[in-house]
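**Student:** PDB, C-alpha atoms, file work.pdb:
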```
ATOM      1  CA  ASN A  16       0.000   0.000   0.000
ATOM      2  CA  MET A  17       0.896   3.673  -0.110
ATOM      3  CA  ARG A  18       2.126   3.842   3.489
ATOM      4  CA  ILE A  19       4.563   0.929   3.090
ATOM      5  CA  TYR A  20       5.814   2.329  -0.212
ATOM      6  CA  PHE A  21       6.620   5.747   1.241
ATOM      7  CA  ILE A  22       8.266   4.209   4.306
ATOM      8  CA  GLY A  23      10.598   2.408   1.899
ATOM      9  CA  ILE A  24      11.322   5.638   0.038
ATOM     10  CA  GLY A  25      11.950   7.402   3.357
ATOM     11  CA  PHE A  26      14.587   4.860   4.333
ATOM     12  CA  PHE A  27      16.153   5.200   0.914
ATOM     13  CA  LEU A  28      16.418   8.973   1.288
ATOM     14  CA  LEU A  29      18.147   8.439   4.647
ATOM     15  CA  HIS A  30      20.484   6.077   2.812
ATOM     16  CA  LEU A  31      21.320   8.820   0.299
ATOM     17  CA  LEU A  32      22.041  11.358   3.039
ATOM     18  CA  SER A  33      24.313   8.899   4.858
ATOM     19  CA  ASN A  34      26.001   7.980   1.596
ATOM     20  CA  VAL A  35      26.873  11.579   0.757
ATOM     21  CA  ALA A  36      28.173  12.187   4.299
ATOM     22  CA  ASN A  37      30.401   9.126   3.940
ATOM     23  CA  ASP A  38      31.658  10.317   0.547
ATOM     24  CA  ILE A  39      32.657  13.651   2.051
ATOM     25  CA  VAL A  40      34.561  11.940   4.879
ATOM     26  CA  GLN A  41      36.163   9.432   2.492
ATOM     27  CA  LYS A  42      37.376  12.199   0.206
ATOM     28  CA  TYR A  43      38.824  14.067   3.183
ATOM     29  CA  THR A  44      40.653  11.015   4.573
ATOM     30  CA  GLY A  45      41.550   9.739   1.097
ATOM     31  CA  CYS A  46      43.611  12.864   0.466
ATOM     32  CA  ASN A  47      45.973  11.679   3.205
ATOM     33  CA  LEU A  48      45.548   7.893   3.455
ATOM     34  CA  SER A  49      45.471   5.109   0.879
ATOM     35  CA  ALA A  50      42.166   3.700  -0.367
ATOM     36  CA  PHE A  51      42.811   0.370   1.367
ATOM     37  CA  GLU A  52      43.457   2.121   4.687
ATOM     38  CA  VAL A  53      40.243   4.126   4.486
ATOM     39  CA  LEU A  54      38.292   1.012   3.536
ATOM     40  CA  PHE A  55      39.912  -1.118   6.252
ATOM     41  CA  PHE A  56      39.281   1.281   9.128
ATOM     42  CA  ARG A  57      35.798   2.140   7.898
ATOM     43  CA  PHE A  58      34.691  -1.482   8.160
ATOM     44  CA  LEU A  59      36.857  -2.401  11.145
ATOM     45  CA  PHE A  60      35.101   0.224  13.249
ATOM     46  CA  GLY A  61      31.809  -0.662  11.594
ATOM     47  CA  THR A  62      32.206  -4.323  12.571
ATOM     48  CA  LEU A  63      33.212  -3.488  16.151
ATOM     49  CA  MET A  64      30.142  -1.254  16.515
ATOM     50  CA  LEU A  65      27.919  -4.233  15.685
ATOM     51  CA  VAL A  66      29.403  -6.604  18.291
ATOM     52  CA  PRO A  67      27.486  -5.168  21.293
ATOM     53  CA  LEU A  68      24.231  -5.432  19.325
ATOM     54  CA  ILE A  69      24.951  -9.066  18.476
ATOM     55  CA  ILE A  70      25.671  -9.826  22.151
ATOM     56  CA  TYR A  71      22.438  -8.090  23.147
ATOM     57  CA  TYR A  72      20.177  -9.765  20.577
ATOM     58  CA  GLY A  73      21.927 -13.152  20.748
ATOM     59  CA  LYS A  74      23.858 -15.365  18.364
ATOM     60  CA  GLU A  75      20.623 -16.261  16.571
ATOM     61  CA  THR A  76      21.065 -13.048  14.598
ATOM     62  CA  LEU A  77      24.130 -14.582  12.931
ATOM     63  CA  ARG A  78      22.447 -17.829  11.906
ATOM     64  CA  THR A  79      22.406 -18.129   8.131
ATOM     65  CA  ASN A  80      22.004 -20.623   5.322
ATOM     66  CA  ASN A  81      23.558 -18.220   2.823
ATOM     67  CA  ILE A  82      27.159 -17.903   3.983
ATOM     68  CA  TYR A  83      28.471 -18.004   0.411
ATOM     69  CA  ILE A  84      26.018 -15.283  -0.565
ATOM     70  CA  HIS A  85      27.353 -13.153   2.288
ATOM     71  CA  LEU A  86      30.891 -13.723   1.042
ATOM     72  CA  LEU A  87      29.745 -12.599  -2.401
ATOM     73  CA  ARG A  88      28.146  -9.501  -0.846
ATOM     74  CA  GLY A  89      31.369  -8.713   0.983
ATOM     75  CA  LEU A  90      33.422  -9.120  -2.188
ATOM     76  CA  LEU A  91      31.097  -6.873  -4.218
ATOM     77  CA  LEU A  92      31.111  -4.250  -1.465
ATOM     78  CA  PHE A  93      34.896  -4.421  -1.161
ATOM     79  CA  ILE A  94      35.598  -4.006  -4.877
ATOM     80  CA  GLY A  95      32.895  -1.408  -5.371
ATOM     81  CA  LEU A  96      34.010   0.789  -2.481
ATOM     82  CA  LEU A  97      37.690   0.436  -3.363
ATOM     83  CA  PHE A  98      36.984   1.846  -6.829
ATOM     84  CA  TRP A  99      34.619   4.432  -5.341
ATOM     85  CA  ILE A 100      37.132   5.767  -2.796
ATOM     86  CA  TYR A 101      39.807   5.966  -5.479
ATOM     87  CA  GLY A 102      37.413   7.945  -7.661
ATOM     88  CA  LEU A 103      36.747  10.369  -4.811
ATOM     89  CA  MET A 104      40.498  10.973  -4.538
ATOM     90  CA  VAL A 105      40.938  12.086  -8.130
ATOM     91  CA  VAL A 106      37.693  13.788  -9.253
ATOM     92  CA  LYS A 107      35.028  16.073  -7.802
ATOM     93  CA  VAL A 108      32.405  14.708  -5.429
ATOM     94  CA  THR A 109      29.607  15.677  -7.814
ATOM     95  CA  THR A 110      31.314  13.829 -10.674
ATOM     96  CA  VAL A 111      31.531  10.666  -8.569
ATOM     97  CA  THR A 112      27.906  11.084  -7.545
ATOM     98  CA  VAL A 113      26.815  11.431 -11.158
ATOM     99  CA  MET A 114      28.559   8.158 -11.982
ATOM    100  CA  GLY A 115      26.626   6.629  -9.120
ATOM    101  CA  LEU A 116      23.421   7.762 -10.751
ATOM    102  CA  ALA A 117      24.068   5.144 -13.429
ATOM    103  CA  ILE A 118      23.400   2.442 -10.800
ATOM    104  CA  PRO A 119      19.596   2.441 -11.382
ATOM    105  CA  VAL A 120      20.153   1.706 -15.077
ATOM    106  CA  VAL A 121      22.159  -1.424 -14.278
ATOM    107  CA  THR A 122      19.923  -2.349 -11.326
ATOM    108  CA  LEU A 123      16.819  -2.102 -13.493
ATOM    109  CA  VAL A 124      18.166  -4.633 -15.984
ATOM    110  CA  LEU A 125      19.602  -7.005 -13.360
ATOM    111  CA  ALA A 126      16.407  -6.927 -11.268
ATOM    112  CA  ARG A 127      14.373  -7.836 -14.328
ATOM    113  CA  ILE A 128      16.701 -10.764 -15.098
ATOM    114  CA  PHE A 129      17.370 -12.169 -11.608
ATOM    115  CA  LEU A 130      14.406 -10.990  -9.530
ATOM    116  CA  ASN A 131      11.752 -11.151 -12.255
ATOM    117  CA  GLU A 132      10.347  -7.839 -11.023
ATOM    118  CA  ARG A 133       7.604  -6.185 -13.018
ATOM    119  CA  ILE A 134       8.789  -2.911 -14.494
ATOM    120  CA  ILE A 135       6.116  -0.353 -15.393
ATOM    121  CA  TRP A 136       6.748   1.760 -18.470
ATOM    122  CA  GLN A 137       7.211   4.937 -16.407
ATOM    123  CA  ARG A 138      10.301   3.423 -14.725
ATOM    124  CA  TRP A 139      11.851   2.576 -18.078
ATOM    125  CA  LEU A 140      11.118   6.062 -19.381
ATOM    126  CA  VAL A 141      12.548   7.810 -16.307
ATOM    127  CA  THR A 142      15.667   5.642 -16.374
ATOM    128  CA  ILE A 143      16.319   6.411 -20.053
ATOM    129  CA  VAL A 144      15.698  10.138 -19.641
ATOM    130  CA  ALA A 145      17.853  10.296 -16.511
ATOM    131  CA  PHE A 146      20.634   8.422 -18.303
ATOM    132  CA  LEU A 147      20.592  11.126 -20.979
ATOM    133  CA  GLY A 148      20.943  13.686 -18.209
ATOM    134  CA  ILE A 149      23.920  11.787 -16.813
ATOM    135  CA  THR A 150      25.539  11.760 -20.250
ATOM    136  CA  ILE A 151      25.246  15.555 -20.377
ATOM    137  CA  VAL A 152      26.782  15.862 -16.913
ATOM    138  CA  LEU A 153      29.751  13.699 -17.891
ATOM    139  CA  ASN A 154      30.320  15.942 -20.916
ATOM    140  CA  PRO A 155      31.700  13.260 -23.290
ATOM    141  CA  GLY A 156      33.100  15.956 -25.578
ATOM    142  CA  ALA A 157      35.714  16.821 -22.957
ATOM    143  CA  GLU A 158      38.934  14.911 -22.450
ATOM    144  CA  PHE A 159      38.106  11.496 -20.984
ATOM    145  CA  LYS A 160      39.718  10.576 -17.672
ATOM    146  CA  VAL A 161      40.796   6.975 -17.205
ATOM    147  CA  GLU A 162      39.692   7.216 -13.553
ATOM    148  CA  MET A 163      36.122   6.992 -14.840
ATOM    149  CA  LEU A 164      36.719   3.299 -15.558
ATOM    150  CA  ALA A 165      37.220   2.647 -11.845
ATOM    151  CA  LEU A 166      33.951   4.430 -11.100
ATOM    152  CA  LEU A 167      32.209   2.396 -13.786
ATOM    153  CA  GLY A 168      33.435  -0.785 -12.071
ATOM    154  CA  ALA A 169      32.023   0.528  -8.795
ATOM    155  CA  VAL A 170      28.656   1.182 -10.436
ATOM    156  CA  VAL A 171      28.409  -2.410 -11.693
ATOM    157  CA  CYS A 172      29.385  -3.817  -8.275
ATOM    158  CA  PHE A 173      26.840  -1.696  -6.415
ATOM    159  CA  ALA A 174      24.047  -2.610  -8.840
ATOM    160  CA  MET A 175      24.842  -6.293  -8.386
ATOM    161  CA  LEU A 176      24.878  -5.781  -4.613
ATOM    162  CA  ASP A 177      21.442  -4.134  -4.739
ATOM    163  CA  VAL A 178      20.023  -7.164  -6.508
ATOM    164  CA  VAL A 179      21.679  -9.671  -4.149
ATOM    165  CA  ASN A 180      20.446  -7.735  -1.088
ATOM    166  CA  LYS A 181      16.887  -7.730  -2.386
ATOM    167  CA  LYS A 182      17.105 -11.465  -3.126
ATOM    168  CA  ILE A 183      17.984 -12.547   0.440
ATOM    169  CA  ILE A 184      16.512  -9.758   2.584
ATOM    170  CA  VAL A 185      13.456 -11.858   3.470
ATOM    171  CA  GLU A 186      15.595 -14.803   4.635
ATOM    172  CA  GLU A 187      18.193 -13.094   6.829
ATOM    173  CA  SER A 188      18.286 -10.927   9.940
ATOM    174  CA  MET A 189      19.222  -7.309   9.263
ATOM    175  CA  LEU A 190      21.949  -7.380  11.898
ATOM    176  CA  GLY A 191      23.455 -10.554  10.442
ATOM    177  CA  MET A 192      23.603  -9.053   6.955
ATOM    178  CA  LEU A 193      25.318  -5.934   8.295
ATOM    179  CA  PHE A 194      27.832  -7.943  10.305
ATOM    180  CA  TYR A 195      28.813 -10.407   7.579
ATOM    181  CA  SER A 196      29.305  -7.724   4.928
ATOM    182  CA  SER A 197      31.333  -5.530   7.318
ATOM    183  CA  LEU A 198      33.508  -8.430   8.502
ATOM    184  CA  ALA A 199      34.180  -9.707   4.974
ATOM    185  CA  THR A 200      35.141  -6.227   3.755
ATOM    186  CA  THR A 201      37.406  -5.676   6.771
ATOM    187  CA  VAL A 202      39.290  -8.906   6.119
ATOM    188  CA  LEU A 203      39.616  -8.293   2.377
ATOM    189  CA  SER A 204      40.881  -4.728   2.811
ATOM    190  CA  ALA A 205      43.327  -5.754   5.581
ATOM    191  CA  VAL A 206      45.312  -8.096   3.352
ATOM    192  CA  PRO A 207      47.105  -5.584   1.062
ATOM    193  CA  PHE A 208      48.768  -3.396   3.655
ATOM    194  CA  LEU A 209      48.893  -5.721   6.685
ATOM    195  CA  VAL A 210      50.289  -8.708   4.804
ATOM    196  CA  PHE A 211      52.263  -7.064   1.995
ATOM    197  CA  ASN A 212      53.028  -3.917   4.036
ATOM    198  CA  TRP A 213      53.204  -1.573   1.039
ATOM    199  CA  GLN A 214      54.798   1.765   1.833
ATOM    200  CA  THR A 215      54.629   4.541  -0.772
ATOM    201  CA  PRO A 216      54.949   3.193  -4.347
ATOM    202  CA  SER A 217      56.225   5.622  -6.962
ATOM    203  CA  GLN A 218      53.378   4.904  -9.384
ATOM    204  CA  PRO A 219      50.456   7.289  -8.595
ATOM    205  CA  LEU A 220      47.715   4.663  -8.985
ATOM    206  CA  LEU A 221      49.469   2.159  -6.707
ATOM    207  CA  ALA A 222      50.266   4.913  -4.221
ATOM    208  CA  ALA A 223      46.599   5.909  -4.056
ATOM    209  CA  LEU A 224      45.575   2.294  -3.472
ATOM    210  CA  PHE A 225      48.424   0.834  -1.428
ATOM    211  CA  GLY A 226      50.498   3.715  -0.061
ATOM    212  CA  TRP A 227      50.647   3.235   3.709
ATOM    213  CA  GLN A 228      50.461   6.398   5.824
ATOM    214  CA  ASP A 229      50.123   6.847   9.584
ATOM    215  CA  PRO A 230      46.345   6.869  10.259
ATOM    216  CA  THR A 231      46.583   7.888  13.939
ATOM    217  CA  ALA A 232      45.455  11.488  13.457
ATOM    218  CA  TYR A 233      42.436  10.390  11.444
ATOM    219  CA  LEU A 234      41.127   7.630  13.744
ATOM    220  CA  PRO A 235      38.257   9.717  15.216
ATOM    221  CA  VAL A 236      37.063  10.612  11.708
ATOM    222  CA  LEU A 237      37.479   7.012  10.554
ATOM    223  CA  PHE A 238      35.458   5.900  13.579
ATOM    224  CA  LEU A 239      32.601   8.153  12.456
ATOM    225  CA  LEU A 240      33.009   6.682   8.987
ATOM    226  CA  GLY A 241      32.511   3.217  10.490
ATOM    227  CA  ILE A 242      29.252   4.312  12.070
ATOM    228  CA  GLY A 243      28.209   5.871   8.778
ATOM    229  CA  ALA A 244      29.009   2.648   6.915
ATOM    230  CA  ASN A 245      26.539   0.732   9.079
ATOM    231  CA  LEU A 246      23.887   3.405   8.614
ATOM    232  CA  VAL A 247      24.309   3.305   4.828
ATOM    233  CA  LEU A 248      23.821  -0.461   4.739
ATOM    234  CA  TYR A 249      21.052  -0.455   7.334
ATOM    235  CA  PHE A 250      18.979   2.166   5.540
ATOM    236  CA  ILE A 251      19.315   0.489   2.131
ATOM    237  CA  LEU A 252      18.381  -2.925   3.533
ATOM    238  CA  LYS A 253      15.366  -1.437   5.327
ATOM    239  CA  ALA A 254      14.337   0.300   2.111
ATOM    240  CA  PHE A 255      14.461  -2.997   0.210
ATOM    241  CA  SER A 256      12.325  -4.650   2.896
ATOM    242  CA  TYR A 257       9.521  -2.181   2.127
ATOM    243  CA  ALA A 258       9.817  -1.583  -1.642
ATOM    244  CA  ASP A 259      11.210  -3.438  -4.640
ATOM    245  CA  ALA A 260      14.560  -2.542  -6.174
ATOM    246  CA  THR A 261      13.204  -1.044  -9.372
ATOM    247  CA  ALA A 262      10.727   1.208  -7.499
ATOM    248  CA  ILE A 263      13.528   2.611  -5.362
ATOM    249  CA  ALA A 264      16.166   2.958  -8.095
ATOM    250  CA  PRO A 265      14.938   6.218  -9.731
ATOM    251  CA  TYR A 266      15.138   8.124  -6.434
ATOM    252  CA  ARG A 267      18.907   7.727  -6.410
ATOM    253  CA  PHE A 268      19.027  10.755  -8.720
ATOM    254  CA  LEU A 269      18.252  13.021  -5.735
ATOM    255  CA  GLU A 270      21.732  12.221  -4.420
ATOM    256  CA  LEU A 271      23.203  14.602  -7.001
ATOM    257  CA  ILE A 272      21.557  17.614  -5.365
ATOM    258  CA  ILE A 273      22.609  16.562  -1.873
ATOM    259  CA  ALA A 274      26.198  15.896  -2.975
ATOM    260  CA  ALA A 275      26.518  19.197  -4.845
ATOM    261  CA  ILE A 276      25.433  21.183  -1.795
ATOM    262  CA  ALA A 277      27.705  19.238   0.578
ATOM    263  CA  ALA A 278      30.750  19.440  -1.732
ATOM    264  CA  TYR A 279      30.314  23.184  -2.118
ATOM    265  CA  TYR A 280      30.213  23.882   1.612
ATOM    266  CA  VAL A 281      32.970  21.411   2.593
ATOM    267  CA  PHE A 282      35.442  21.538  -0.319
ATOM    268  CA  ALA A 283      34.289  24.702  -2.113
ATOM    269  CA  GLU A 284      33.706  22.551  -5.203
ATOM    270  CA  GLN A 285      31.462  24.085  -7.794
ATOM    271  CA  PRO A 286      29.744  21.755 -10.256
ATOM    272  CA  GLU A 287      30.463  22.224 -13.938
ATOM    273  CA  LYS A 288      27.786  23.839 -16.086
ATOM    274  CA  SER A 289      27.217  20.451 -17.703
ATOM    275  CA  THR A 290      26.340  19.063 -14.260
ATOM    276  CA  LEU A 291      23.699  21.736 -13.776
ATOM    277  CA  TYR A 292      22.272  21.121 -17.260
ATOM    278  CA  GLY A 293      22.039  17.407 -16.564
ATOM    279  CA  ALA A 294      20.371  18.065 -13.223
ATOM    280  CA  CYS A 295      17.666  20.044 -15.031
ATOM    281  CA  ILE A 296      16.768  16.794 -16.798
ATOM    282  CA  ILE A 297      17.279  14.399 -13.888
ATOM    283  CA  ILE A 298      15.215  16.271 -11.285
ATOM    284  CA  PRO A 299      11.972  16.546 -13.333
ATOM    285  CA  ALA A 300      12.348  12.877 -14.276
ATOM    286  CA  THR A 301      12.532  11.957 -10.592
ATOM    287  CA  LEU A 302       9.469  14.041  -9.775
ATOM    288  CA  PHE A 303       7.610  12.336 -12.625
ATOM    289  CA  ILE A 304       8.289   8.843 -11.260
ATOM    290  CA  ILE A 305       7.044   9.913  -7.806
ATOM    291  CA  TYR A 306       3.785  11.027  -9.397
ATOM    292  CA  SER A 307       3.525   7.887 -11.551
ATOM    293  CA  GLU A 308       4.205   5.510  -8.661
ATOM    294  CA  LYS A 309       1.564   7.251  -6.564
ATOM    295  CA  ARG A 310      -1.042   6.813  -9.298
ATOM    296  CA  GLN A 311      -0.035   3.181  -9.874
ATOM    297  CA  LEU A 312      -0.407   2.334  -6.179
ATOM    298  CA  ALA A 313      -3.745   4.144  -5.999
ATOM    299  CA  LYS A 314      -5.100   2.018  -8.850
ATOM    300  CA  SER A 315      -3.941  -1.265  -7.305
ATOM    301  CA  SER A 316      -5.275  -0.492  -3.804
TER     302      SER A 316
END
```
Translate the structure of the given file into structure tokens.

**Tutor:**
Amino acid sequence: NMRIYFIGIGFFLLHLLSNVANDIVQKYTGCNLSAFEVLFFRFLFGTLMLVPLIIYYGKETLRTNNIYIHLLRGLLLFIGLLFWIYGLMVVKVTTVTVMGLAIPVVTLVLARIFLNERIIWQRWLVTIVAFLGITIVLNPGAEFKVEMLALLGAVVCFAMLDVVNKKIIVEESMLGMLFYSSLATTVLSAVPFLVFNWQTPSQPLLAALFGWQDPTAYLPVLFLLGIGANLVLYFILKAFSYADATAIAPYRFLELIIAAIAAYYVFAEQPEKSTLYGACIIIPATLFIIYSEKRQLAKSS
């Protein structure tokens, strides 16, 4: 019904706000630490924050029949965020956010294939129109940056993660899903610099990924990032428990507005004109899907 639908959208909007806050913190820490360090401490603190909750609610919260699925979720989250953090290091926050707006396009197709979700024509239309807006924002006539390939990899990973989360959300406890994904990502991100102990490679890409720096001064900020990581995952999982993946996907476009405002006030970043032109297409498309979904739910109720 309408109430359940809008509760799902509400949780998704909280997810977007938490996501942008995390991006701002990750860009700030990523200017001084390697991507693996940021990722490791983000999920280390995130995992530790979940332990008291697991003790309180009992070990039943960790019972699962999908351990391999959780490993897959952790791997997708690890790869996706590694590419994402690297992207934040080298381009503007709004540019990274715009790349993230491509996630609904991939999610829409994957959800249709793997979840067999019904997709109303308005969702297809909004996705296509919004994708055109994203193309304008990226300004393909300008010189292409190879860093965009990393962001594209992140987009694919996050879309796959959305589909996997929706597939198992009804079978697993929320706390268990948060814990397994955080633990898997912590372990995966610990390997490069704890085992291989990379210092500061001369190659810029390797330095951004593997270059070890002293994180002591940034631990309080990284701790907040760990809390934010849990909130991001919690809100998206709650959203999927109330609404299907394709209904939620178009609302991701609102993240562009939130990110542009935050980046301006924190880093004094001003979006390119192409970003503003694209937003003029994306925002009306998002408003249209809100109106269409409301009418669709009214007819079915």

**Student:** Considering all atoms listed in the file, return as a ChimeraX atom specification whatever protein or nucleic-acid residues lie within 12 Å of Leu29 of chain A, sequence-local ones (same chain, fewer than 6 positions apart) excluded.

**Tutor:** /A:22-23,35-36,243,246-254,266-267,269-270,273

**Student:** Generate a file of the selected residues that holds C-alpha atoms, formatted as a CSV table (one decimal), keeping the file's coordinate frame.

**Tutor:**
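Now in result-v3.csv:
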```csv
chain,number,residue,atom,x,y,z
A,22,ILE,CA,8.3,4.2,4.3
A,23,GLY,CA,10.6,2.4,1.9
A,35,VAL,CA,26.9,11.6,0.8
A,36,ALA,CA,28.2,12.2,4.3
A,243,GLY,CA,28.2,5.9,8.8
A,246,LEU,CA,23.9,3.4,8.6
A,247,VAL,CA,24.3,3.3,4.8
A,248,LEU,CA,23.8,-0.5,4.7
A,249,TYR,CA,21.1,-0.5,7.3
A,250,PHE,CA,19.0,2.2,5.5
A,251,ILE,CA,19.3,0.5,2.1
A,252,LEU,CA,18.4,-2.9,3.5
A,253,LYS,CA,15.4,-1.4,5.3
A,254,ALA,CA,14.3,0.3,2.1
A,266,TYR,CA,15.1,8.1,-6.4
A,267,ARG,CA,18.9,7.7,-6.4
A,269,LEU,CA,18.3,13.0,-5.7
A,270,GLU,CA,21.7,12.2,-4.4
A,273,ILE,CA,22.6,16.6,-1.9
```

**Student:** Could you give me, as number ranges by chain, the residues within 9 Å of segment 187-190 of chain A, counting all atoms listed in the file and dropping anything in the same chain fewer than 6 positions from it?

**Tutor:** A: 65, 68-69, 75-81, 249, 252-253

**Student:** Run through the PyMOL selection byres ((chain A and resi 103-105) around 10) on the given coordinates and return the selected residues as a PyMOL selection string.

**Tutor:** chain A and resi 38-39+41-50+98-102+106-112+160+162-163+166+223

**Student:** With a distance cut-off of 7 Å and only C-alpha atoms, select the neighbouring residues of Thr201 of chain A, excluding the residue or stretch itself and same-chain residues fewer than 4 positions from it, and output the selection as a list of chain:residue names.

**Tutor:** A:Phe55, A:Phe58, A:Leu59, A:Ser197, A:Ala205

**Student:** What's around Leu63 of chain A at 12 Å? Count all atoms listed in the file, leave out sequence neighbours fewer than 6 positions away in its own chain, and write the answer as number ranges by chain.

**Tutor:** A: 56-57, 69-70, 193-195, 197-198, 201, 238, 241-242, 244-245

**Student:** Between A:Leu96, A:Leu234, A:Asn154, A:Leu203, which residue has the minimum interatomic distance to Cys172 of chain A, considering all atoms listed in the file?

**Tutor:**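 The closest residue to Cys172 of chain A is A:Leu96.
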
**Student:** Would you kindly translate the PyMOL selection byres ((chain A and resi 296) around 12) into the concrete residues it picks from this file, as a PyMOL selection string?

**Tutor:** chain A and resi 141-152+268-269+271+289-295+297-303

**Student:** So that I can check the surroundings of Leu87 of chain A, please list as a list of chain:residue names every protein, DNA and RNA residue that reaches within 9 Å of it, counting only C-alpha atoms and ignoring chain neighbours fewer than 6 positions away.

**Tutor:**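 Neighbouring residues, sequence-local ones excluded: A:Leu176, A:Val179, A:Ser196.
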
**Student:** Please measure the separation of atom CA of Thr122 of chain A and atom CA of Thr62 of chain A, giving the value in Å to one decimal.

**Tutor:**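 Going from atom CA of Thr122 of chain A over to atom CA of Thr62 of chain A covers 26.9 Å.
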
**Student:** By how many Å are atom CA of Tyr279 of chain A and atom CA of Ile94 of chain A apart?

**Tutor:**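 For atom CA of Tyr279 of chain A relative to atom CA of Ile94 of chain A, the distance reads 27.8 Å.
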
**Student:** Just give me the gap between atom CA of Ala258 of chain A and atom CA of Leu28 of chain A in Å, one decimal is fine.

**Tutor:** 12.8 Å

**Student:** Pick out the closest residue to Phe255 of chain A from this set: A:Ile272, A:Val66, A:Val178, A:Leu32. Count all atoms listed in the file.

**Tutor:**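 When distances to Phe255 of chain A are compared using all atoms listed in the file, the smallest one comes from A:Val178.
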
**Student:** Could all heavy atoms be built for segment 115-120 of chain A and written out as a short mmCIF file (atom, residue, chain, number, x, y, z; two decimals), in the frame of the given file?

**Tutor:**
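Ended up saving to part_21.cif:
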```cif
data_model
loop_
_atom_site.label_atom_id
_atom_site.label_comp_id
_atom_site.auth_asym_id
_atom_site.auth_seq_id
_atom_site.Cartn_x
_atom_site.Cartn_y
_atom_site.Cartn_z
N GLY A 115 27.49 7.48 -9.93
CA GLY A 115 26.63 6.63 -9.12
C GLY A 115 25.19 6.62 -9.58
O GLY A 115 24.45 5.66 -9.35
N LEU A 116 24.78 7.70 -10.25
CA LEU A 116 23.42 7.76 -10.75
C LEU A 116 23.17 6.78 -11.88
O LEU A 116 22.02 6.58 -12.30
CB LEU A 116 23.11 9.19 -11.21
CG LEU A 116 23.13 10.27 -10.12
CD1 LEU A 116 22.79 11.62 -10.71
CD2 LEU A 116 22.18 9.92 -8.99
N ALA A 117 24.23 6.18 -12.40
CA ALA A 117 24.07 5.14 -13.43
C ALA A 117 23.65 3.81 -12.81
O ALA A 117 23.25 2.89 -13.52
CB ALA A 117 25.37 4.97 -14.21
N ILE A 118 23.74 3.70 -11.47
CA ILE A 118 23.40 2.44 -10.80
C ILE A 118 21.97 1.99 -11.10
O ILE A 118 21.74 0.81 -11.36
CB ILE A 118 23.63 2.57 -9.28
CG1 ILE A 118 25.12 2.75 -8.98
CG2 ILE A 118 23.09 1.35 -8.53
CD1 ILE A 118 25.45 3.03 -7.53
N PRO A 119 20.95 2.91 -11.08
CA PRO A 119 19.60 2.44 -11.38
C PRO A 119 19.46 1.80 -12.76
O PRO A 119 18.64 0.89 -12.94
CB PRO A 119 18.76 3.73 -11.30
CG PRO A 119 19.53 4.61 -10.39
CD PRO A 119 20.96 4.32 -10.67
N VAL A 120 20.24 2.27 -13.73
CA VAL A 120 20.15 1.71 -15.08
C VAL A 120 20.56 0.24 -15.05
O VAL A 120 19.88 -0.63 -15.60
CB VAL A 120 21.06 2.48 -16.05
CG1 VAL A 120 20.98 1.89 -17.45
CG2 VAL A 120 20.69 3.96 -16.07
#
```
